[in-house]
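Structure, as structure tokens:
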Number of protein chains: 4
Amino acid sequence: MNSFDFGYKKGFASDNWSGVSPEVMKVLAEVNRGHHPAYGENDPMLGLAKQRFREVFGEDCEVFFVYNGTGANVLSVQQLLRSWEAVVTPHSAHLNEDEGGAPEKFTGGKLLTVHCEDGKIRPEQIRPFLSSFGFQHHVQARMISISQATEMGTLYQLAEIKALADFAHANNMFLHMDGARIANAAVALGCTFGEMTTGCGVDVLSFGGTKNGLMFGEAVVFLDEKLAEGFEYSRKQGMQLASKMRFIIAQFLAYFENDLWKRNAENSNRMARMLGRLLPETEGISLSRPVEANGVFAIMPEALIPKLQQEYFFHIWNESKNEVRLMCSFDTTEEDVRGLVDAAKRLVG
Amino acid sequence: MNSFDFGYKKGFASDNWSGVSPEVMKVLAEVNRGHHPAYGENDPMLGLAKQRFREVFGEDCEVFFVYNGTGANVLSVQQLLRSWEAVVTPHSAHLNEDEGGAPEKFTGGKLLTVHCEDGKIRPEQIRPFLSSFGFQHHVQARMISISQATEMGTLYQLAEIKALADFAHANNMFLHMDGARIANAAVALGCTFGEMTTGCGVDVLSFGGTKNGLMFGEAVVFLDEKLAEGFEYSRKQGMQLASKMRFIIAQFLAYFENDLWKRNAENSNRMARMLGRLLPETEGISLSRPVEANGVFAIMPEALIPKLQQEYFFHIWNESKNEVRLMCSFDTTEEDVRGLVDAAKRLVG
Amino acid sequence: MNSFDFGYKKGFASDNWSGVSPEVMKVLAEVNRGHHPAYGENDPMLGLAKQRFREVFGEDCEVFFVYNGTGANVLSVQQLLRSWEAVVTPHSAHLNEDEGGAPEKFTGGKLLTVHCEDGKIRPEQIRPFLSSFGFQHHVQARMISISQATEMGTLYQLAEIKALADFAHANNMFLHMDGARIANAAVALGCTFGEMTTGCGVDVLSFGGTKNGLMFGEAVVFLDEKLAEGFEYSRKQGMQLASKMRFIIAQFLAYFENDLWKRNAENSNRMARMLGRLLPETEGISLSRPVEANGVFAIMPEALIPKLQQEYFFHIWNESKNEVRLMCSFDTTEEDVRGLVDAAKRLVG
Amino acid sequence: MNSFDFGYKKGFASDNWSGVSPEVMKVLAEVNRGHHPAYGENDPMLGLAKQRFREVFGEDCEVFFVYNGTGANVLSVQQLLRSWEAVVTPHSAHLNEDEGGAPEKFTGGKLLTVHCEDGKIRPEQIRPFLSSFGFQHHVQARMISISQATEMGTLYQLAEIKALADFAHANNMFLHMDGARIANAAVALGCTFGEMTTGCGVDVLSFGGTKNGLMFGEAVVFLDEKLAEGFEYSRKQGMQLASKMRFIIAQFLAYFENDLWKRNAENSNRMARMLGRLLPETEGISLSRPVEANGVFAIMPEALIPKLQQEYFFHIWNESKNEVRLMCSFDTTEEDVRGLVDAAKRLVG
């Protein structure tokens, strides 16, 4: 069937422009045998996956599979907050800027946002919202949501996560982590998923893999299973219950098998570091943010941007500053990085 | 990796207990090359898929891909109705009984249900709701939603669909079709998808394939593209926008290629007819509904049911009547059918 | 100002077509002095009202004032249920038929309705919904809602309420009472509000007065204050927080003063009994339901109805049966009743 | 009935701490005669009120009465926007800060806020949101909402309103005005309501009176009746439909009669100007914002504030700056103003 031979050129637009890890495709084919209970109900494969997650996140966790990161984020909020309770989050959070209003629509709640230059929120930025506690005219802050890695390519150190969790719990709030790129963070910080979440006091995690080699599917992980009561109904009502659940479960099994997540994330982080090192060699290009995970942010000559995008597509991050974002993926190669760098050098002249 | 060798035995529980057609798996692997724009944005593959849908449903249609049938159904309602407008539907509709309250939660609207013994609603059952038009205390009926095939395994004839569409349009209402099993219906009626929808006046269709050999993904098809304005925002807000969209698109391309949908549905329908013919040979077993698509409903001796379920799993439909539901799938074989029938004969004694 | 001299003729359309008890108007004028804290916050008058409610409903109750019955009903559901939990209620319930879809819109939840010929639901009609417990595709029944008196003019006996409460609690459900006409019920049954609610195990009550001589305002009474946690935020988010709260509080103080509620309800019930006795004297008129509170339902000759409506307006209840509804109010007089009866006799010929 | 003789001392907390204009109380008593159709349906009084509004706002307007400002604001948004469309508004807007999340809950939409030092938004602050048009991951700005007067006591000049309306319409957006204090604004600017709204291109107005001498009730005024289609259903679903509607209608009739609204607002504005003039005479007190309507914002010595609040209650606006807000009402007298000023002088020492 030649019609499906698309084979677009690789670029640096986003880590979800890449395809699926071969190891994942292999497992998808393997589990395509016989019948499985729909929705994962009483499917031993689901039990196996839950066991894997408990090995990773601790015995007290409970995990549910959903379709995507928007679903995982929104349903995390829906589960733990009432509609008059609010989430405090950086203005740049995906939850606030890039979910198309899904949190407000589905949970009926409000997001309280704080401008964070580096994409990271600090306890002192949350404190002002506490003065609304008990005032019936204001929404009541009940959750802090952070992205790890952030949308700015930055990372929270473990101590910073722990400080946010402690602040949250001291004030009757929950800490949610949007882990769309948690693998990149874990690899960069040299820690385990458990250390970064359960170990720091995170309450609920959107555990993503699509940006790191999976096809679709995301896991909502409650680090304390007592918080998970009734979530299965909310998932269904949230249109996030997959019927052929085995094909999500299988991907996560493959993801943990032989540390596939780690190998993939190590590659994308390494490529980002390489790109961050080589790109500023070109005159007029400088990094605008530190390279901490798999994203590279750079200032480029305005005239260069459209020309370079023709060869390797990427997104403009901040038009007024000619700042661009270059994301590396599990399938980015040294050749891709050198190709981009060489093109920049060639085109800038 | 032996751990993923599950290979559960086939049964008759539901057509979403089966796996994925080999043809679909093949295309999923084929499109797993290089980078594709995320979300299908400007992906030529999306353009190709849209063209296929226009060939099937007519030049005026517009199609959007979502994750599942719940998403397709709920977002169809959200798109065309305001929250004080209501959907009239059979009480047995998946939309009413099996979406976990998703329509009410996401659209804020009400379902007005009618008890329909055979799962099919008629215009005269909708007429009483018209008396609420203009009365500000009542929700205003604005959409009729039908399932084709129905949850009872029955079919609307084309003339019946047309009558419902005419009734709807004469009363300022829309006609929605939940086509989770539309392929089984088209095959059974010997008509095209276009004849059954566009040709009859359907306004919006949830076009499913997961119950007929796809892995995941559903298409919302507006038969008149003017009804589709803004739907992309609603899909995002509805948590139904897939990032690696190519893997949904590819499945639908494969589904139409060489009439895969037809071959799959023909098999499941044929197996259902065979089952419907052979099953009543066993003493104490009789069909409770006509076999029109791929579902077989039968009354069985109460004691037989749990024993037979041990060998080939299936669901009880109506406990008080010992009525069971047996669904055939694209991968059901004559051997499976005979195996069930033989087991019933053996176990009934 | 002659322009405001409307003075429409009294009729039997509904008990909310009447005006306000003089005693209530007097208190509204009395409290119109000086400044009061807005929203009732720290207003000693609110403390006084709460004390009155505790005297009536018991020391454990907590009360909140809202604008109307729709608000009280919807916010009661919102407070106690999550959106995937459902309310079981008679199909004829105001909550289902006459709130314009407000419960679905605001709570995101589903109503599970049962056809109840006399407007009263029984435990055995609720039992079938229990089979959905634990099934993630179905909403989970969590509340029973009853109207006392019902929309059919009938009453639950105390033992019936208690049986519903016991059934609810045995199945992890709440019992809500829509008390838009609770005063009529209490007078008819010869019991106190406390006996009918707290004493029977009701969990939350919409305590109405507008249909019995108040101008506006309704009370949400949680019979156990532990259920009320956070309700003030929900009320605000539900657009039901009045700024000049003193004018709602004052009405309820007046309502309890010298048993105004009782005198008003006794009159309307008495007028209904009188009407129920005299109306069937006319040839062709017969009662279609027992007269238990302040509503009279009757079958009339089809030709008589529009003529009689010209003289005393009332609503047709069931057109197909020529059944009409005649509501008596706190200001209905014997002269009004005789006037209607005489007109019927005169016009029927 | 002595128990209702509260008679709290007047203060400067808010213009909704005051009671009801005697003229309004008089009309409430006058319309308390006979029966009126509930919900205003076919009540000639409603026709009369609509005529008054058309005289004020132009022949093309359509008006609906609701309970309060939260209801008017939220239902205005609900009527004109789909849930994935957003409102752009100053961060300080009542809609954003003081509705307890009602807009998000009921409309499912997002508010896009801009920090506006003086409470007034300008077109150039809205322009950045336009870049999201057509991007499916972002909500789509569809309405600008302004408060007139603002929560900061400032006013939009007519030319500023017109500029916002022109900007809105040029970009396919609507302009909403929160007119909780519109009477104060009209008096201060010396213009009519019509000039300030219809004349400037406002699309929908929340027309408040409770802060200017009414008891309860607010009007939603669509300046073009074509925008109002179906609003009555939304009002009911929004729990904002009053049964004894005559008592809201009557208040607005009284409000327009002999320009009551004007006399009341003139008094409160005049008192605010007087207060703004006299207050800075005290050492350590200075105005922090211009006095443009009926609010006075001042910086006071920290130690003075609690002492002065004991004598005349008022709210702290910004604790970090010792900024307080003093609101004048229709019933504020020169004696009240002098009393406060004298107390400040006495207590500051």
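The way I read the labels, and the way they are meant: chains A, B, ... in the order of the structure tokens, residue 1 as the first residue of every chain, and ligand 1 as the first ligand shown, with later ones counted on from there.
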
Set the cut-off to 8 Å and count only C-alpha atoms: what are the residues of chain B that reach chain D? Output as a CSV table (one decimal) with all heavy atoms, in the first residue's frame.
```
chain,number,residue,atom,x,y,z
B,83,SER,N,-27.2,24.3,26.1
B,83,SER,CA,-27.4,23.4,27.3
B,83,SER,C,-28.8,23.3,27.7
B,83,SER,O,-29.2,22.3,28.3
B,83,SER,CB,-26.5,23.8,28.5
B,83,SER,OG,-26.8,25.2,28.8
B,84,TRP,N,-29.7,24.2,27.3
B,84,TRP,CA,-31.1,24.1,27.6
B,84,TRP,C,-31.9,23.3,26.5
B,84,TRP,O,-33.1,23.2,26.6
B,84,TRP,CB,-31.7,25.4,27.9
B,84,TRP,CG,-31.3,26.5,27.0
B,84,TRP,CD1,-30.3,27.4,27.1
B,84,TRP,CD2,-31.9,26.9,25.7
B,84,TRP,NE1,-30.2,28.2,26.1
B,84,TRP,CE2,-31.2,27.9,25.2
B,84,TRP,CE3,-33.0,26.3,25.0
B,84,TRP,CZ2,-31.6,28.5,24.0
B,84,TRP,CZ3,-33.4,26.9,23.8
B,84,TRP,CH2,-32.6,28.0,23.3
B,136,GLN,N,-40.8,28.1,29.1
B,136,GLN,CA,-39.5,28.3,29.6
B,136,GLN,C,-39.0,27.4,30.7
B,136,GLN,O,-37.9,27.4,31.1
B,136,GLN,CB,-39.3,29.8,30.0
B,136,GLN,CG,-40.2,30.2,31.2
B,136,GLN,CD,-40.0,31.7,31.5
B,136,GLN,OE1,-39.0,32.3,31.3
B,136,GLN,NE2,-41.0,32.3,32.1
B,137,HIS,N,-40.0,26.7,31.3
B,137,HIS,CA,-39.6,25.8,32.4
B,137,HIS,C,-39.1,24.5,32.0
B,137,HIS,O,-38.6,23.7,32.8
B,137,HIS,CB,-40.8,25.6,33.4
B,137,HIS,CG,-41.5,26.9,33.8
B,137,HIS,ND1,-41.1,27.6,34.9
B,137,HIS,CD2,-42.4,27.7,33.2
B,137,HIS,CE1,-41.8,28.7,35.0
B,137,HIS,NE2,-42.6,28.8,34.0
B,138,HIS,N,-39.3,24.2,30.7
B,138,HIS,CA,-38.9,22.9,30.2
B,138,HIS,C,-37.7,23.0,29.3
B,138,HIS,O,-37.6,24.0,28.5
B,138,HIS,CB,-40.0,22.3,29.4
B,138,HIS,CG,-41.1,21.7,30.3
B,138,HIS,ND1,-42.2,21.0,29.9
B,138,HIS,CD2,-41.3,21.8,31.7
B,138,HIS,CE1,-43.0,20.7,30.9
B,138,HIS,NE2,-42.5,21.2,32.0
B,139,VAL,N,-36.9,22.0,29.3
B,139,VAL,CA,-35.8,21.9,28.2
B,139,VAL,C,-36.5,21.8,26.9
B,139,VAL,O,-37.6,21.3,26.8
B,139,VAL,CB,-34.9,20.7,28.5
B,139,VAL,CG1,-34.0,21.0,29.7
B,139,VAL,CG2,-35.6,19.4,28.6
B,232,GLU,N,-13.3,22.1,16.2
B,232,GLU,CA,-11.9,21.7,16.7
B,232,GLU,C,-11.7,22.3,18.1
B,232,GLU,O,-10.9,21.6,18.8
B,232,GLU,CB,-10.9,22.3,15.7
B,232,GLU,CG,-10.8,23.8,15.5
B,232,GLU,CD,-11.7,24.3,14.4
B,232,GLU,OE1,-12.8,23.7,14.2
B,232,GLU,OE2,-11.4,25.2,13.7
B,233,TYR,N,-12.3,23.4,18.4
B,233,TYR,CA,-12.1,23.9,19.8
B,233,TYR,C,-12.8,23.0,20.8
B,233,TYR,O,-12.3,22.8,21.9
B,233,TYR,CB,-12.6,25.3,19.9
B,233,TYR,CG,-11.9,26.2,18.8
B,233,TYR,CD1,-12.6,26.7,17.7
B,233,TYR,CD2,-10.6,26.6,18.9
B,233,TYR,CE1,-12.0,27.5,16.7
B,233,TYR,CE2,-10.0,27.3,17.9
B,233,TYR,CZ,-10.7,27.8,16.9
B,233,TYR,OH,-10.1,28.5,15.9
B,234,SER,N,-14.0,22.6,20.4
B,234,SER,CA,-14.8,21.8,21.3
B,234,SER,C,-14.1,20.4,21.5
B,234,SER,O,-14.1,19.9,22.6
B,234,SER,CB,-16.1,21.6,20.6
B,234,SER,OG,-17.1,21.2,21.6
B,236,LYS,N,-10.9,19.8,21.5
B,236,LYS,CA,-9.8,20.1,22.4
B,236,LYS,C,-10.3,20.2,23.8
B,236,LYS,O,-9.8,19.6,24.8
B,236,LYS,CB,-9.0,21.3,22.0
B,236,LYS,CG,-7.8,21.7,22.9
B,236,LYS,CD,-6.7,20.7,22.9
B,236,LYS,CE,-5.7,20.8,24.0
B,236,LYS,NZ,-4.6,19.9,23.9
B,237,GLN,N,-11.3,21.0,24.0
B,237,GLN,CA,-11.9,21.3,25.3
B,237,GLN,C,-12.5,20.0,25.9
B,237,GLN,O,-12.5,19.8,27.1
B,237,GLN,CB,-12.9,22.4,25.3
B,237,GLN,CG,-13.3,22.9,26.6
B,237,GLN,CD,-14.2,24.1,26.6
B,237,GLN,OE1,-15.1,24.2,25.8
B,237,GLN,NE2,-14.0,25.1,27.4
```

Excluding region 223-227 of chain C and its own-chain neighbours fewer than 4 positions away, which residues fall within 9 Å of it when counting only C-alpha atoms? Please give them as a CSV table (one decimal) with C-alpha atoms, in the first residue's frame.
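File written: result.csv
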```csv
chain,number,residue,atom,x,y,z
C,57,PHE,CA,-35.4,21.3,63.0
C,58,GLY,CA,-33.1,20.3,65.8
C,59,GLU,CA,-29.8,21.4,67.2
C,60,ASP,CA,-27.8,19.7,64.5
C,61,CYS,CA,-29.2,21.5,61.6
C,62,GLU,CA,-27.5,24.1,59.5
C,63,VAL,CA,-29.4,26.5,57.3
C,79,GLN,CA,-23.4,19.7,47.8
C,80,LEU,CA,-23.9,16.0,48.4
C,197,THR,CA,-37.8,15.7,58.3
C,198,THR,CA,-35.2,15.3,61.1
C,201,GLY,CA,-34.2,10.7,58.6
C,202,VAL,CA,-34.3,13.3,55.8
C,203,ASP,CA,-30.7,14.6,55.1
C,204,VAL,CA,-31.4,17.8,53.3
C,205,LEU,CA,-34.5,19.9,52.8
C,231,PHE,CA,-21.9,25.1,51.1
```

For Lys110 (chain B): contacts at 7 Å, only C-alpha atoms, fewer than 3 positions along chain excluded, given as a PDB file with C-alpha atoms, in the first residue's frame:
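The resulting selection_12.pdb:
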```pdb
ATOM      1  CA  ALA B  86     -32.332  18.334  24.870  1.00  0.00           C
ATOM      2  CA  VAL B  87     -31.712  15.083  23.062  1.00  0.00           C
ATOM      3  CA  GLU B 104     -24.976  15.602  31.099  1.00  0.00           C
TER       4      GLU B 104
ATOM      5  CA  GLY C 101     -32.394  21.292  33.046  1.00  0.00           C
ATOM      6  CA  GLU C 104     -27.906  18.646  34.854  1.00  0.00           C
TER       7      GLU C 104
END
```

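Among the candidates A:Val20, A:Leu279, A:Leu164, A:Ala242, the one nearest to Gly71 (chain A) when counting only C-alpha atoms is A:Ala242.
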
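For the pair CA of Ser206 (chain A) and CA of Phe222 (chain A), the separation is 9.0 Å.
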
| request: Do a neighbour search on region 12-19 of chain C at 8 Å with only C-alpha atoms, toss out local chain neighbours closer than 5 positions, and write the hits as a ChimeraX atom specification. | output: /C:210-215,312-315,325-331 /D:32-38,243-244

| query | Quick one: residues within 10 Å of Glu302 (chain D), only C-alpha atoms counted, chain neighbours fewer than 4 positions away excluded, as a ChimeraX atom specification? | reply | /D:284,306-307,319-323,348

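On the backbone of this structure, DSSP gives strand (DSSP E or B) within region 156-274 of chain C to C:Phe174, C:Leu175, C:His176, C:Met177, C:Asp178, C:Gly179, C:Val204, C:Leu205, C:Ser206, C:Phe207, C:Gly208, C:Glu218, C:Ala219, C:Val220, C:Val221, C:Phe222.
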
| task | Pick out each residue of region 112-291 of chain B that DSSP on the backbone tags as alpha helix (DSSP H); I need them as a ChimeraX atom specification. | result | /B:123-126,158-170,182-189,193-196,231-237,246-256,260-278

With C-alpha atoms retained, write the just-selected residues as a PDB file, in the first residue's frame.
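Wrote out.pdb, looks like this:
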```pdb
ATOM      1  CA  PRO B 123     -41.616   9.887  15.327  1.00  0.00           C
ATOM      2  CA  GLU B 124     -44.860   9.443  17.201  1.00  0.00           C
ATOM      3  CA  GLN B 125     -42.878   8.787  20.368  1.00  0.00           C
ATOM      4  CA  ILE B 126     -41.080  12.096  19.950  1.00  0.00           C
ATOM      5  CA  LEU B 158     -33.536   3.520   5.379  1.00  0.00           C
ATOM      6  CA  ALA B 159     -37.119   4.710   5.157  1.00  0.00           C
ATOM      7  CA  GLU B 160     -37.319   4.795   8.940  1.00  0.00           C
ATOM      8  CA  ILE B 161     -34.167   6.892   9.198  1.00  0.00           C
ATOM      9  CA  LYS B 162     -35.489   9.225   6.565  1.00  0.00           C
ATOM     10  CA  ALA B 163     -38.792   9.564   8.389  1.00  0.00           C
ATOM     11  CA  LEU B 164     -36.966  10.488  11.578  1.00  0.00           C
ATOM     12  CA  ALA B 165     -34.803  13.008   9.744  1.00  0.00           C
ATOM     13  CA  ASP B 166     -37.840  14.565   8.099  1.00  0.00           C
ATOM     14  CA  PHE B 167     -39.629  14.746  11.416  1.00  0.00           C
ATOM     15  CA  ALA B 168     -36.575  16.291  13.039  1.00  0.00           C
ATOM     16  CA  HIS B 169     -36.096  18.912  10.374  1.00  0.00           C
ATOM     17  CA  ALA B 170     -39.783  19.781  10.253  1.00  0.00           C
ATOM     18  CA  ILE B 182     -22.726   1.195  11.490  1.00  0.00           C
ATOM     19  CA  ALA B 183     -20.647  -1.193   9.377  1.00  0.00           C
ATOM     20  CA  ASN B 184     -22.722  -4.112  10.579  1.00  0.00           C
ATOM     21  CA  ALA B 185     -25.834  -2.167   9.686  1.00  0.00           C
ATOM     22  CA  ALA B 186     -24.631  -1.195   6.220  1.00  0.00           C
ATOM     23  CA  VAL B 187     -23.675  -4.736   5.394  1.00  0.00           C
ATOM     24  CA  ALA B 188     -26.970  -6.088   6.702  1.00  0.00           C
ATOM     25  CA  LEU B 189     -29.026  -3.578   4.741  1.00  0.00           C
ATOM     26  CA  PHE B 193     -22.624   4.496   4.448  1.00  0.00           C
ATOM     27  CA  GLY B 194     -23.639   7.499   2.396  1.00  0.00           C
ATOM     28  CA  GLU B 195     -27.066   6.111   1.556  1.00  0.00           C
ATOM     29  CA  MET B 196     -27.696   5.388   5.224  1.00  0.00           C
ATOM     30  CA  PHE B 231     -15.722  21.911  16.387  1.00  0.00           C
ATOM     31  CA  GLU B 232     -11.939  21.743  16.660  1.00  0.00           C
ATOM     32  CA  TYR B 233     -12.076  23.899  19.780  1.00  0.00           C
ATOM     33  CA  SER B 234     -14.767  21.781  21.293  1.00  0.00           C
ATOM     34  CA  ARG B 235     -12.776  18.623  20.614  1.00  0.00           C
ATOM     35  CA  LYS B 236      -9.766  20.051  22.401  1.00  0.00           C
ATOM     36  CA  GLN B 237     -11.864  21.260  25.311  1.00  0.00           C
ATOM     37  CA  ARG B 246      -1.435   9.988  12.397  1.00  0.00           C
ATOM     38  CA  PHE B 247      -2.207   6.752  14.231  1.00  0.00           C
ATOM     39  CA  ILE B 248      -5.926   7.410  14.194  1.00  0.00           C
ATOM     40  CA  ILE B 249      -5.945   8.682  10.640  1.00  0.00           C
ATOM     41  CA  ALA B 250      -3.999   5.656   9.467  1.00  0.00           C
ATOM     42  CA  GLN B 251      -6.536   3.274  10.925  1.00  0.00           C
ATOM     43  CA  PHE B 252      -9.380   4.860   9.033  1.00  0.00           C
ATOM     44  CA  LEU B 253      -7.367   4.842   5.812  1.00  0.00           C
ATOM     45  CA  ALA B 254      -6.801   1.148   6.354  1.00  0.00           C
ATOM     46  CA  TYR B 255     -10.456   0.663   7.226  1.00  0.00           C
ATOM     47  CA  PHE B 256     -11.637   1.964   3.854  1.00  0.00           C
ATOM     48  CA  LEU B 260     -11.826  -3.838   5.092  1.00  0.00           C
ATOM     49  CA  TRP B 261     -14.793  -2.518   7.061  1.00  0.00           C
ATOM     50  CA  LYS B 262     -17.098  -4.533   4.853  1.00  0.00           C
ATOM     51  CA  ARG B 263     -15.235  -7.780   5.029  1.00  0.00           C
ATOM     52  CA  ASN B 264     -15.000  -7.529   8.796  1.00  0.00           C
ATOM     53  CA  ALA B 265     -18.667  -6.695   9.268  1.00  0.00           C
ATOM     54  CA  GLU B 266     -19.792  -9.334   6.838  1.00  0.00           C
ATOM     55  CA  ASN B 267     -17.983 -11.929   8.874  1.00  0.00           C
ATOM     56  CA  SER B 268     -19.443 -10.856  12.197  1.00  0.00           C
ATOM     57  CA  ASN B 269     -22.949 -10.618  10.760  1.00  0.00           C
ATOM     58  CA  ARG B 270     -22.618 -13.991   9.105  1.00  0.00           C
ATOM     59  CA  MET B 271     -21.401 -15.567  12.310  1.00  0.00           C
ATOM     60  CA  ALA B 272     -24.348 -14.051  14.159  1.00  0.00           C
ATOM     61  CA  ARG B 273     -26.798 -15.464  11.652  1.00  0.00           C
ATOM     62  CA  MET B 274     -25.142 -18.879  11.963  1.00  0.00           C
ATOM     63  CA  LEU B 275     -25.283 -18.666  15.737  1.00  0.00           C
ATOM     64  CA  GLY B 276     -28.890 -17.569  15.602  1.00  0.00           C
ATOM     65  CA  ARG B 277     -29.685 -20.560  13.447  1.00  0.00           C
ATOM     66  CA  LEU B 278     -27.836 -23.197  15.447  1.00  0.00           C
TER      67      LEU B 278
END
```
